[in-house]
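Here's the structure, in structure tokens; my notes come after.
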Amino acid sequence: MTEMGGYRDRVAQVDLSGEEVNYHGIDDEDAEKYIGARGLGVKYVFDKGPDVDPLGPENRLAFMTGPLTGTQTVMSGRIALVTKSPLTGTVTDSHHGGWSGARLKWAGLDGVLLDGESDEPVYLFVEDGDVEVRDASHLWGQGVHDTIDQIGEEVDGKVGRDVSVMAIGQGGENQVRYGCVINEDDRASGRGGTGAVMGAKNVKAVVVKSGTNMPKPADPETFQEGYQQAMEVIRESDVTAPNEGGLSMYGTNVLMNATEEMDGLPTKNAKYTSTEAYHDAEGADIEAEQVSGENVRENILVDEPTCHSCPVACKKEVDVNVTHKGQEMNVRTESYEYESAWALGPNSGHSDRDEIARMLEQCNDLGLDTIEAGNMMAMAMEMSEEGKLDGVGHLDWGDSETMIDLIEEIGHRSSDLGDLLAEGPERVADAKDAHGNKLSVKGQTMAAYDPRCMKGMAIAYATSNRGACHLRGYTPAAEILGIPEKVDPYEWEGKGELTATFQDLHAVSDSFDICKFSAFAEGIEEYVLQYNGVTGQDLSEDELFEAGERIYNLERYYNNLAGFEGADDTLPNRFIEGHPDAIPGTGASEGELVELDQLKAEYYESRGWVDGVVPDEKLADLGIDVGPGTGVSAGDSAAPADD
């Protein structure tokens, strides 16, 4: 049990197989070691063991808040979904914003753990600290938006005012390996297949009803100092300043033109490092500016909703009219994000702004990860070009009309090609001898930052604990935006230590659970003050950083026990210096490739790992005392082979 501020000290453990709900407090030592949300969620998933089948009843899906979630803390509207990923086989956590995290805390719970598997479709209803399992047979087969509308008619309350709904669509029901969970604000726990796990458990939605019961700081004076300091740096930042900064004005898509200009925008399945290079080489009718945040704001922006306690308002809601196969339709959707627009646009060979909005709306309604869906399109296009999809289907570069149809086929698994692409890049590559066509690490595809241009992003992709990911260690902050200071994006030296620092810092913010974009302005000083103020703790900056390091190592330890080691910390072949399939960068990145061996050696030295494995001495130093240990010593050169 914990008496620290910010926690409700109440977690609901739902046995879906028996439709039983039990409640327990949070162990005080666990709260101190792993904070909450991501960190504590990983600990709870670890407790079920790393050998579970991700789509089996023994896998756990944790909906977790952190001690700062739902408080007055700046940008504290996040919730973490933690599980073993059906896409990668690693532990994964995927966060979303809006108000669902705050409402779960206000409803009296720190988290909800889903165990087992229901015989029939159900949804969970949370109110006043209790969880009720309700029938969802009438909702099964519906998209996210109709599901949310119907639940809104069934429950006493108003969705978006005092009710939040976290639901899956047909993608999760059909166990598309990158199915995701979407809330009423079109905010997605998008990566890693959390929606597929929820679908395998026959859970259609988690519904939360609450008033605004905000936790009070245990140390108001310290909290107020941290809050004021955080607001000051956010207002002064060129990135986060409300109604002025790039993120506030244009959303995450402020980066489209910036990465294009530095030739860091992977295009045509990363054959090129910018749309301009693609156009110059092949005459393609494509231009990154057409799908940029600036273009969106000028032409199709209709609203700028925000999350709990967030002054930045980075979400951009758009309204477009598109014609598909002669049928005119109006599309209004939120979250025209940089990574999503890139994956479904330039990386797939086109820059049709309005049709991308249509695809985003489809993915949100079906419950599909937009990054994975777009990258699977690009992979299929390249495979089609090389004749590797003969007999299954065909997809031409930039064919956005067929992409719209194919997204539906993926979500419903209703065609041979859709069913194949629903399995994700590794399984497609295995089935069609297409390992040279995938842009994945550990089974998850990368985001919109070309590692040939940003060497910090290269090692961040390679060593991410949840597969290729820009959010585990967001080095573009330094390599593009100069936060906390500008570094040369093409230089590999020093990027191992830089990446580890970012990874640990983001493990902290993800465990609080506050928005990662806070780090564009705030630093560890503001984090410590707000955390200590809310919880009543007296942690130093070094102690908080150590907590982030402990969480990152716990994840790596889980993955080691699941069979991952240094060989899995790699990149797609086309990026690696010395690989026969390497494709050097173009334009400003001309000739650039990734010095992967050097980056990994530097990174492992910084981490104290042995060939990607956490040695037992490191576990002991960090106080990680769960599981059997890896059996690796700091003096070993590699992990021992299995007996």
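In the structure tokens, the first chain shown is A, the next is B, and so on; residue numbers restart at 1 for each chain, and ligands run from 1 in the order shown.
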
Problem set entry | Near-Asn213 (chain A) list (9 Å; only C-alpha atoms; drop same-chain fewer than 5 positions) as a list in words |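 Non-adjacent residues within range: Gly70, Arg103, Lys105, Trp106, Ala107 and Gly108 of chain A.
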
Write the residues of the preceding selection, restricted to N, CA and C atoms, as a PDB file, in the first residue's frame.
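Here's the written file out-v4.pdb:
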```pdb
ATOM      1  N   GLY A  70      -3.952  13.383 -14.378  1.00  0.00           N
ATOM      2  CA  GLY A  70      -5.189  13.937 -13.849  1.00  0.00           C
ATOM      3  C   GLY A  70      -5.013  14.960 -12.758  1.00  0.00           C
ATOM      4  N   ARG A 103      -9.747  10.872 -16.393  1.00  0.00           N
ATOM      5  CA  ARG A 103     -11.029  10.396 -15.865  1.00  0.00           C
ATOM      6  C   ARG A 103     -10.873   9.080 -15.104  1.00  0.00           C
ATOM      7  N   LYS A 105      -8.301   8.224 -13.321  1.00  0.00           N
ATOM      8  CA  LYS A 105      -7.803   8.630 -12.001  1.00  0.00           C
ATOM      9  C   LYS A 105      -8.929   9.268 -11.194  1.00  0.00           C
ATOM     10  N   TRP A 106      -9.693  10.147 -11.811  1.00  0.00           N
ATOM     11  CA  TRP A 106     -10.795  10.812 -11.103  1.00  0.00           C
ATOM     12  C   TRP A 106     -11.874   9.817 -10.675  1.00  0.00           C
ATOM     13  N   ALA A 107     -11.985   8.711 -11.418  1.00  0.00           N
ATOM     14  CA  ALA A 107     -12.969   7.682 -11.059  1.00  0.00           C
ATOM     15  C   ALA A 107     -12.490   6.806  -9.910  1.00  0.00           C
ATOM     16  N   GLY A 108     -11.266   7.049  -9.420  1.00  0.00           N
ATOM     17  CA  GLY A 108     -10.811   6.359  -8.221  1.00  0.00           C
ATOM     18  C   GLY A 108      -9.865   5.203  -8.444  1.00  0.00           C
TER      19      GLY A 108
END
```

Problem set entry | Which of region 200-423 of chain A fall in helix (DSSP H, G or I), as a VMD selection string | chain A and resid 200 220 to 236 246 to 261 275 to 282 288 to 291 293 to 299 338 to 344 346 to 348 353 to 366 370 to 385 400 to 412 416 to 421

For this session: Enumerate as number ranges by chain all residues of region 185-373 of chain A assigned to strand (DSSP E) by DSSP on the backbone, naming them with the chain letters and numbers the document uses.
Result: A: 188-189, 203-209, 301-303, 317-324, 327-333

Go through region 218-276 of chain A and flag each residue having an atom no more than 12 Å from region 289-300 of chain A; for those, report the closest pair of atoms plus their distance in Å to one decimal, using only C-alpha atoms, ordered by chain and rising number, as a tab-separated table.
```
residue	atom	partner	partner_atom	distance
A:Gly246	CA	A:Gly293	CA	9.2
A:Leu247	CA	A:Gly293	CA	9.3
A:Ser248	CA	A:Gly293	CA	10.5
A:Met249	CA	A:Arg297	CA	7.9
A:Tyr250	CA	A:Gly293	CA	4.7
A:Gly251	CA	A:Gly293	CA	6.6
A:Thr252	CA	A:Gly293	CA	7.5
A:Asn253	CA	A:Gly293	CA	4.5
A:Val254	CA	A:Gly293	CA	4.9
A:Leu255	CA	A:Gly293	CA	7.7
A:Met256	CA	A:Ser292	CA	5.2
A:Asn257	CA	A:Glu289	CA	6.0
A:Ala258	CA	A:Ser292	CA	9.5
A:Thr259	CA	A:Ser292	CA	10.6
A:Glu260	CA	A:Glu289	CA	8.5
A:Glu261	CA	A:Glu289	CA	10.1
A:Leu265	CA	A:Glu289	CA	11.7
A:Ser274	CA	A:Glu289	CA	11.1
A:Thr275	CA	A:Glu289	CA	9.3
A:Glu276	CA	A:Glu289	CA	10.3
```

Sort by chain and increasing residue number a table of all residues of region 223-315 of chain A within 12 Å of region 486-498 of chain A, each with its closest pair of atoms and their distance in Å to one decimal, counting only C-alpha atoms, and write it as a Markdown table.
```
| residue | atom | partner | partner_atom | distance |
| --- | --- | --- | --- | --- |
| A:Thr259 | CA | A:Pro489 | CA | 11.4 |
| A:Met262 | CA | A:Pro489 | CA | 9.8 |
| A:Asp263 | CA | A:Pro489 | CA | 11.2 |
| A:Gly264 | CA | A:Pro489 | CA | 9.7 |
```

Problem set entry | Who sits within 9 Å of region 431-444 of chain A, only C-alpha atoms, same chain under 6 positions skipped, as a PyMOL selection string | chain A and resi 87-90+178+191-192+269-270+372+375-376+378-380+382-383+388-389+420+424-425+461-469+564+568-574+581

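Counting from CA of Pro242 (chain A), the distance to CA of Cys314 (chain A) is 9.2 Å.
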
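Residue nearest Gly418 (chain A) within the list A:Ser118, A:Asn330, A:Gln72, A:Thr402: A:Thr402 [criterion: smallest interatomic distance, only C-alpha atoms].
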
For this session: Would you kindly return, as a ChimeraX atom specification, each protein, DNA or RNA residue with an atom no farther than 10 Å from any atom of Arg187 (chain A), considering only C-alpha atoms and excluding same-chain residues fewer than 2 positions away?
Result: /A:95-100,166,181-185,189-190,307,315,334-335,364

Got time to write the residues from that selection, N, CA, C and O atoms, as a PDB file, in the first residue's frame?
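Resulting contents of part-v7.pdb:
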```pdb
ATOM      1  N   HIS A  95       0.708   4.928 -25.418  1.00  0.00           N
ATOM      2  CA  HIS A  95       0.016   5.953 -24.637  1.00  0.00           C
ATOM      3  C   HIS A  95      -0.943   6.747 -25.519  1.00  0.00           C
ATOM      4  O   HIS A  95      -0.717   6.903 -26.717  1.00  0.00           O
ATOM      5  N   HIS A  96      -1.989   7.275 -24.906  1.00  0.00           N
ATOM      6  CA  HIS A  96      -2.808   8.253 -25.628  1.00  0.00           C
ATOM      7  C   HIS A  96      -3.237   9.368 -24.690  1.00  0.00           C
ATOM      8  O   HIS A  96      -3.231   9.226 -23.468  1.00  0.00           O
ATOM      9  N   GLY A  97      -3.581  10.493 -25.318  1.00  0.00           N
ATOM     10  CA  GLY A  97      -3.966  11.676 -24.560  1.00  0.00           C
ATOM     11  C   GLY A  97      -5.464  11.884 -24.572  1.00  0.00           C
ATOM     12  O   GLY A  97      -6.251  10.946 -24.662  1.00  0.00           O
ATOM     13  N   GLY A  98      -5.864  13.134 -24.488  1.00  0.00           N
ATOM     14  CA  GLY A  98      -7.275  13.459 -24.321  1.00  0.00           C
ATOM     15  C   GLY A  98      -7.609  13.532 -22.848  1.00  0.00           C
ATOM     16  O   GLY A  98      -6.902  14.163 -22.069  1.00  0.00           O
ATOM     17  N   TRP A  99      -8.671  12.829 -22.449  1.00  0.00           N
ATOM     18  CA  TRP A  99      -9.175  12.937 -21.076  1.00  0.00           C
ATOM     19  C   TRP A  99      -9.393  11.594 -20.408  1.00  0.00           C
ATOM     20  O   TRP A  99      -9.753  11.535 -19.227  1.00  0.00           O
ATOM     21  N   SER A 100      -9.171  10.484 -21.148  1.00  0.00           N
ATOM     22  CA  SER A 100      -9.490   9.182 -20.569  1.00  0.00           C
ATOM     23  C   SER A 100      -8.582   8.835 -19.396  1.00  0.00           C
ATOM     24  O   SER A 100      -9.034   8.224 -18.420  1.00  0.00           O
ATOM     25  N   MET A 166     -12.652   4.046 -24.348  1.00  0.00           N
ATOM     26  CA  MET A 166     -11.451   3.542 -25.025  1.00  0.00           C
ATOM     27  C   MET A 166     -11.843   2.246 -25.712  1.00  0.00           C
ATOM     28  O   MET A 166     -12.094   1.235 -25.048  1.00  0.00           O
ATOM     29  N   VAL A 181      -6.093   0.982 -29.836  1.00  0.00           N
ATOM     30  CA  VAL A 181      -7.216   1.409 -29.009  1.00  0.00           C
ATOM     31  C   VAL A 181      -7.394   2.915 -29.216  1.00  0.00           C
ATOM     32  O   VAL A 181      -6.430   3.676 -29.133  1.00  0.00           O
ATOM     33  N   ILE A 182      -8.629   3.330 -29.494  1.00  0.00           N
ATOM     34  CA  ILE A 182      -8.941   4.724 -29.812  1.00  0.00           C
ATOM     35  C   ILE A 182      -9.957   5.247 -28.809  1.00  0.00           C
ATOM     36  O   ILE A 182     -10.916   4.542 -28.463  1.00  0.00           O
ATOM     37  N   ASN A 183      -9.784   6.495 -28.361  1.00  0.00           N
ATOM     38  CA  ASN A 183     -10.783   7.055 -27.448  1.00  0.00           C
ATOM     39  C   ASN A 183     -11.693   8.041 -28.182  1.00  0.00           C
ATOM     40  O   ASN A 183     -11.598   8.220 -29.403  1.00  0.00           O
ATOM     41  N   GLU A 184     -12.583   8.678 -27.429  1.00  0.00           N
ATOM     42  CA  GLU A 184     -13.599   9.541 -28.032  1.00  0.00           C
ATOM     43  C   GLU A 184     -13.013  10.778 -28.706  1.00  0.00           C
ATOM     44  O   GLU A 184     -13.691  11.449 -29.486  1.00  0.00           O
ATOM     45  N   ASP A 185     -11.772  11.091 -28.436  1.00  0.00           N
ATOM     46  CA  ASP A 185     -11.114  12.238 -29.051  1.00  0.00           C
ATOM     47  C   ASP A 185     -10.240  11.828 -30.241  1.00  0.00           C
ATOM     48  O   ASP A 185      -9.415  12.625 -30.702  1.00  0.00           O
ATOM     49  N   SER A 189      -3.821   4.783 -28.614  1.00  0.00           N
ATOM     50  CA  SER A 189      -2.701   3.962 -28.160  1.00  0.00           C
ATOM     51  C   SER A 189      -2.359   3.108 -29.365  1.00  0.00           C
ATOM     52  O   SER A 189      -2.875   2.004 -29.552  1.00  0.00           O
ATOM     53  N   GLY A 190      -1.503   3.665 -30.225  1.00  0.00           N
ATOM     54  CA  GLY A 190      -1.421   3.221 -31.600  1.00  0.00           C
ATOM     55  C   GLY A 190      -0.456   2.105 -31.906  1.00  0.00           C
ATOM     56  O   GLY A 190      -0.674   1.340 -32.836  1.00  0.00           O
ATOM     57  N   CYS A 307      -5.835  18.441 -24.648  1.00  0.00           N
ATOM     58  CA  CYS A 307      -5.948  17.408 -23.620  1.00  0.00           C
ATOM     59  C   CYS A 307      -6.044  18.045 -22.240  1.00  0.00           C
ATOM     60  O   CYS A 307      -5.820  19.243 -22.072  1.00  0.00           O
ATOM     61  N   LYS A 315      -3.208  19.186 -31.232  1.00  0.00           N
ATOM     62  CA  LYS A 315      -4.058  18.368 -32.091  1.00  0.00           C
ATOM     63  C   LYS A 315      -4.792  19.238 -33.105  1.00  0.00           C
ATOM     64  O   LYS A 315      -5.342  20.281 -32.756  1.00  0.00           O
ATOM     65  N   GLU A 334      -9.682  14.074 -36.498  1.00  0.00           N
ATOM     66  CA  GLU A 334      -8.645  14.724 -35.698  1.00  0.00           C
ATOM     67  C   GLU A 334      -7.299  14.058 -35.935  1.00  0.00           C
ATOM     68  O   GLU A 334      -7.210  12.981 -36.532  1.00  0.00           O
ATOM     69  N   SER A 335      -6.260  14.716 -35.495  1.00  0.00           N
ATOM     70  CA  SER A 335      -4.917  14.127 -35.433  1.00  0.00           C
ATOM     71  C   SER A 335      -4.301  13.894 -36.811  1.00  0.00           C
ATOM     72  O   SER A 335      -3.927  12.779 -37.167  1.00  0.00           O
ATOM     73  N   ASN A 364      -8.607   5.305 -37.818  1.00  0.00           N
ATOM     74  CA  ASN A 364      -9.160   5.577 -36.496  1.00  0.00           C
ATOM     75  C   ASN A 364     -10.425   4.767 -36.250  1.00  0.00           C
ATOM     76  O   ASN A 364     -10.640   4.244 -35.153  1.00  0.00           O
TER      77      ASN A 364
END
```

Thr535 (chain A): which residues within 9 Å, counting only C-alpha atoms, same-chain residues fewer than 2 positions away excluded, as a PDB file with N, CA and C atoms, in the first residue's frame?
```pdb
ATOM      1  N   GLU A   3       0.964   5.526   0.466  1.00  0.00           N
ATOM      2  CA  GLU A   3       0.270   6.723   0.921  1.00  0.00           C
ATOM      3  C   GLU A   3       0.814   7.956   0.229  1.00  0.00           C
ATOM      4  N   MET A   4       1.640   7.754  -0.806  1.00  0.00           N
ATOM      5  CA  MET A   4       2.191   8.877  -1.551  1.00  0.00           C
ATOM      6  C   MET A   4       1.068   9.625  -2.263  1.00  0.00           C
ATOM      7  N   GLY A   5       1.218  10.942  -2.390  1.00  0.00           N
ATOM      8  CA  GLY A   5       0.235  11.745  -3.091  1.00  0.00           C
ATOM      9  C   GLY A   5       0.193  11.401  -4.573  1.00  0.00           C
ATOM     10  N   GLY A   6      -0.953  11.670  -5.198  1.00  0.00           N
ATOM     11  CA  GLY A   6      -1.105  11.434  -6.631  1.00  0.00           C
ATOM     12  C   GLY A   6      -1.674  10.076  -6.974  1.00  0.00           C
ATOM     13  N   TYR A   7      -1.569   9.115  -6.061  1.00  0.00           N
ATOM     14  CA  TYR A   7      -2.089   7.766  -6.291  1.00  0.00           C
ATOM     15  C   TYR A   7      -3.450   7.614  -5.620  1.00  0.00           C
ATOM     16  N   PRO A  67       1.336   8.878 -11.216  1.00  0.00           N
ATOM     17  CA  PRO A  67       0.997   9.730 -10.078  1.00  0.00           C
ATOM     18  C   PRO A  67       0.657  11.168 -10.469  1.00  0.00           C
ATOM     19  N   LEU A  68       1.105  11.615 -11.642  1.00  0.00           N
ATOM     20  CA  LEU A  68       0.795  12.983 -12.065  1.00  0.00           C
ATOM     21  C   LEU A  68      -0.425  13.054 -12.980  1.00  0.00           C
ATOM     22  N   PRO A 217      -1.898  18.114  -4.441  1.00  0.00           N
ATOM     23  CA  PRO A 217      -0.468  17.904  -4.156  1.00  0.00           C
ATOM     24  C   PRO A 217      -0.220  17.658  -2.673  1.00  0.00           C
ATOM     25  N   ALA A 218       0.662  16.707  -2.403  1.00  0.00           N
ATOM     26  CA  ALA A 218       1.036  16.449  -1.006  1.00  0.00           C
ATOM     27  C   ALA A 218       1.888  17.573  -0.451  1.00  0.00           C
ATOM     28  N   ASP A 219       2.646  18.236  -1.313  1.00  0.00           N
ATOM     29  CA  ASP A 219       3.503  19.358  -0.927  1.00  0.00           C
ATOM     30  C   ASP A 219       3.158  20.532  -1.839  1.00  0.00           C
ATOM     31  N   GLN A 530       7.659  18.997  -9.814  1.00  0.00           N
ATOM     32  CA  GLN A 530       6.248  18.627  -9.909  1.00  0.00           C
ATOM     33  C   GLN A 530       5.996  17.242  -9.318  1.00  0.00           C
ATOM     34  N   TYR A 531       6.919  16.306  -9.560  1.00  0.00           N
ATOM     35  CA  TYR A 531       6.758  14.968  -8.989  1.00  0.00           C
ATOM     36  C   TYR A 531       6.832  15.015  -7.467  1.00  0.00           C
ATOM     37  N   ASN A 532       7.848  15.669  -6.936  1.00  0.00           N
ATOM     38  CA  ASN A 532       7.974  15.768  -5.481  1.00  0.00           C
ATOM     39  C   ASN A 532       6.791  16.514  -4.880  1.00  0.00           C
ATOM     40  N   GLY A 533       6.322  17.550  -5.583  1.00  0.00           N
ATOM     41  CA  GLY A 533       5.194  18.322  -5.074  1.00  0.00           C
ATOM     42  C   GLY A 533       3.923  17.503  -4.985  1.00  0.00           C
ATOM     43  N   GLN A 537       7.355  13.218  -2.084  1.00  0.00           N
ATOM     44  CA  GLN A 537       8.691  12.648  -2.034  1.00  0.00           C
ATOM     45  C   GLN A 537       9.747  13.750  -2.037  1.00  0.00           C
ATOM     46  N   ASP A 538      10.995  13.341  -1.866  1.00  0.00           N
ATOM     47  CA  ASP A 538      12.105  14.289  -1.887  1.00  0.00           C
ATOM     48  C   ASP A 538      13.225  13.733  -2.760  1.00  0.00           C
TER      49      ASP A 538
END
```

For this session: Might you pull out every residue within 9 Å of region 204-209 of chain A, with only C-alpha atoms counted and same-chain residues fewer than 6 positions away left off, and present them as an MDAnalysis selection string?
Result: chainID A and resid 100 103:104 106:107 121:128 136:137 139:140 147:148 151 155:159 162:169 172:173 181 198

Write out the residues from the selection above, keeping N, CA, C and O atoms, as a tab-separated table (two decimals), in the first residue's frame.
```tsv
chain	number	residue	atom	x	y	z
A	100	SER	N	-9.17	10.48	-21.15
A	100	SER	CA	-9.49	9.18	-20.57
A	100	SER	C	-8.58	8.84	-19.40
A	100	SER	O	-9.03	8.22	-18.42
A	103	ARG	N	-9.75	10.87	-16.39
A	103	ARG	CA	-11.03	10.40	-15.87
A	103	ARG	C	-10.87	9.08	-15.10
A	103	ARG	O	-11.59	8.84	-14.13
A	104	LEU	N	-9.96	8.20	-15.56
A	104	LEU	CA	-9.74	6.96	-14.81
A	104	LEU	C	-9.23	7.27	-13.41
A	104	LEU	O	-9.67	6.66	-12.43
A	106	TRP	N	-9.69	10.15	-11.81
A	106	TRP	CA	-10.79	10.81	-11.10
A	106	TRP	C	-11.87	9.82	-10.67
A	106	TRP	O	-12.58	10.06	-9.70
A	107	ALA	N	-11.98	8.71	-11.42
A	107	ALA	CA	-12.97	7.68	-11.06
A	107	ALA	C	-12.49	6.81	-9.91
A	107	ALA	O	-13.21	5.90	-9.48
A	121	PRO	N	-18.26	-11.22	-26.13
A	121	PRO	CA	-17.82	-9.82	-26.12
A	121	PRO	C	-18.36	-9.07	-24.90
A	121	PRO	O	-19.54	-9.19	-24.55
A	122	VAL	N	-17.48	-8.29	-24.27
A	122	VAL	CA	-17.86	-7.49	-23.11
A	122	VAL	C	-17.23	-6.11	-23.22
A	122	VAL	O	-16.32	-5.88	-24.01
A	123	TYR	N	-17.77	-5.19	-22.41
A	123	TYR	CA	-17.02	-3.95	-22.15
A	123	TYR	C	-17.02	-3.71	-20.66
A	123	TYR	O	-17.84	-4.26	-19.92
A	124	LEU	N	-16.04	-2.94	-20.22
A	124	LEU	CA	-15.90	-2.65	-18.79
A	124	LEU	C	-16.42	-1.25	-18.52
A	124	LEU	O	-16.12	-0.31	-19.26
A	125	PHE	N	-17.17	-1.11	-17.45
A	125	PHE	CA	-17.68	0.20	-17.04
A	125	PHE	C	-17.09	0.55	-15.68
A	125	PHE	O	-17.24	-0.20	-14.72
A	126	VAL	N	-16.41	1.67	-15.62
A	126	VAL	CA	-15.70	2.10	-14.41
A	126	VAL	C	-16.38	3.34	-13.85
A	126	VAL	O	-16.60	4.33	-14.56
A	127	GLU	N	-16.70	3.28	-12.56
A	127	GLU	CA	-17.28	4.42	-11.86
A	127	GLU	C	-17.06	4.26	-10.37
A	127	GLU	O	-17.21	3.17	-9.83
A	128	ASP	N	-16.70	5.37	-9.70
A	128	ASP	CA	-16.55	5.39	-8.24
A	128	ASP	C	-15.64	4.27	-7.73
A	128	ASP	O	-15.93	3.63	-6.71
A	136	ALA	N	-21.26	-6.88	-24.51
A	136	ALA	CA	-20.97	-6.03	-25.67
A	136	ALA	C	-21.24	-6.77	-26.97
A	136	ALA	O	-20.74	-6.37	-28.03
A	137	SER	N	-22.06	-7.80	-26.92
A	137	SER	CA	-22.35	-8.57	-28.13
A	137	SER	C	-22.95	-7.69	-29.22
A	137	SER	O	-22.68	-7.87	-30.41
A	139	LEU	N	-22.28	-4.70	-29.81
A	139	LEU	CA	-21.29	-3.73	-30.30
A	139	LEU	C	-20.25	-4.39	-31.20
A	139	LEU	O	-19.56	-3.71	-31.97
A	140	TRP	N	-20.11	-5.71	-31.08
A	140	TRP	CA	-19.06	-6.43	-31.81
A	140	TRP	C	-19.32	-6.30	-33.32
A	140	TRP	O	-20.44	-6.46	-33.79
A	147	THR	N	-19.31	2.55	-32.12
A	147	THR	CA	-19.25	1.96	-30.77
A	147	THR	C	-19.35	3.05	-29.71
A	147	THR	O	-20.13	2.93	-28.74
A	148	ILE	N	-18.58	4.10	-29.88
A	148	ILE	CA	-18.59	5.19	-28.89
A	148	ILE	C	-19.96	5.86	-28.86
A	148	ILE	O	-20.50	6.15	-27.78
A	151	ILE	N	-22.43	3.45	-27.04
A	151	ILE	CA	-22.18	3.42	-25.59
A	151	ILE	C	-22.66	4.72	-24.95
A	151	ILE	O	-23.22	4.72	-23.85
A	155	VAL	N	-25.08	4.64	-21.44
A	155	VAL	CA	-24.62	4.96	-20.09
A	155	VAL	C	-25.23	6.28	-19.63
A	155	VAL	O	-25.60	7.14	-20.43
A	156	ASP	N	-25.32	6.43	-18.33
A	156	ASP	CA	-25.83	7.66	-17.74
A	156	ASP	C	-24.68	8.66	-17.67
A	156	ASP	O	-23.82	8.58	-16.80
A	157	GLY	N	-24.67	9.59	-18.58
A	157	GLY	CA	-23.60	10.56	-18.66
A	157	GLY	C	-23.41	10.99	-20.10
A	157	GLY	O	-24.12	10.53	-21.00
A	158	LYS	N	-22.47	11.87	-20.34
A	158	LYS	CA	-22.24	12.38	-21.69
A	158	LYS	C	-20.78	12.15	-22.09
A	158	LYS	O	-19.86	12.60	-21.40
A	159	VAL	N	-20.58	11.43	-23.20
A	159	VAL	CA	-19.23	11.17	-23.70
A	159	VAL	C	-18.55	12.50	-24.03
A	159	VAL	O	-19.12	13.35	-24.71
A	162	ASP	N	-18.31	13.83	-19.08
A	162	ASP	CA	-17.97	13.08	-17.87
A	162	ASP	C	-17.76	11.60	-18.15
A	162	ASP	O	-17.58	10.81	-17.23
A	163	VAL	N	-17.77	11.22	-19.42
A	163	VAL	CA	-17.56	9.83	-19.82
A	163	VAL	C	-16.47	9.76	-20.89
A	163	VAL	O	-16.48	10.55	-21.84
A	164	SER	N	-15.55	8.82	-20.72
A	164	SER	CA	-14.55	8.51	-21.74
A	164	SER	C	-14.73	7.07	-22.17
A	164	SER	O	-15.07	6.20	-21.36
A	165	VAL	N	-14.48	6.82	-23.46
A	165	VAL	CA	-14.59	5.47	-24.02
A	165	VAL	C	-13.29	5.15	-24.74
A	165	VAL	O	-12.87	5.88	-25.63
A	166	MET	N	-12.65	4.05	-24.35
A	166	MET	CA	-11.45	3.54	-25.03
A	166	MET	C	-11.84	2.25	-25.71
A	166	MET	O	-12.09	1.24	-25.05
A	167	ALA	N	-11.92	2.27	-27.05
A	167	ALA	CA	-12.55	1.17	-27.78
A	167	ALA	C	-11.65	0.64	-28.89
A	167	ALA	O	-10.72	1.30	-29.34
A	168	ILE	N	-11.98	-0.58	-29.33
A	168	ILE	CA	-11.35	-1.15	-30.51
A	168	ILE	C	-12.38	-1.19	-31.64
A	168	ILE	O	-13.58	-1.21	-31.41
A	169	GLY	N	-11.86	-1.20	-32.88
A	169	GLY	CA	-12.71	-1.40	-34.04
A	169	GLY	C	-12.52	-2.80	-34.58
A	169	GLY	O	-12.05	-3.72	-33.88
A	172	GLY	N	-8.95	-4.50	-34.18
A	172	GLY	CA	-8.67	-5.23	-32.95
A	172	GLY	C	-9.44	-6.52	-32.85
A	172	GLY	O	-8.91	-7.55	-32.43
A	173	GLU	N	-10.71	-6.49	-33.25
A	173	GLU	CA	-11.53	-7.70	-33.21
A	173	GLU	C	-10.92	-8.81	-34.06
A	173	GLU	O	-10.93	-9.98	-33.67
A	181	VAL	N	-6.09	0.98	-29.84
A	181	VAL	CA	-7.22	1.41	-29.01
A	181	VAL	C	-7.39	2.91	-29.22
A	181	VAL	O	-6.43	3.68	-29.13
A	198	MET	N	-6.59	-6.69	-26.89
A	198	MET	CA	-7.93	-6.43	-26.35
A	198	MET	C	-8.97	-7.25	-27.10
A	198	MET	O	-9.89	-7.83	-26.50
```

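From CA of Val112 (chain A) back to CA of Ala313 (chain A), the distance works out to 27.8 Å.
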
Problem set entry | Contacts of Gly374 (chain A) at 9 Å (only C-alpha atoms; same-chain gap of 2+ positions) as an MDAnalysis selection string | chainID A and resid 340:345 347:348 369:372 376:379 403

For this session: Give me, please, the distance in Å between CA of Ser76 (chain A) and CA of Gly101 (chain A), quoted to one decimal.
Result: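 Separating CA of Ser76 (chain A) from CA of Gly101 (chain A) is a distance of 8.6 Å.
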
Exercise. For Ser511 (chain A), which residue among A:Gln327, A:Gln170, A:Ser94, A:Asn560 is the nearest when counting only C-alpha atoms?
Worked result: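 When distances to Ser511 (chain A) are compared using only C-alpha atoms, the smallest one comes from A:Ser94.
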
Please, which residues in region 157-207 of chain A fall within 10 Å of region 11-21 of chain A when counting only C-alpha atoms, and what is the closest atom pair and distance in Å to one decimal for each, ordered by chain then residue number, as CSV?
```
residue,atom,partner,partner_atom,distance
A:Lys201,CA,A:Leu16,CA,7.6
A:Asn202,CA,A:Leu16,CA,8.8
A:Val203,CA,A:Leu16,CA,8.8
```

Seminar exercise, completed: Nearest to Lys325 (chain A), restricted to only C-alpha atoms and choosing among A:Glu546, A:Glu522, A:Glu244, A:Asp405, comes out as A:Asp405
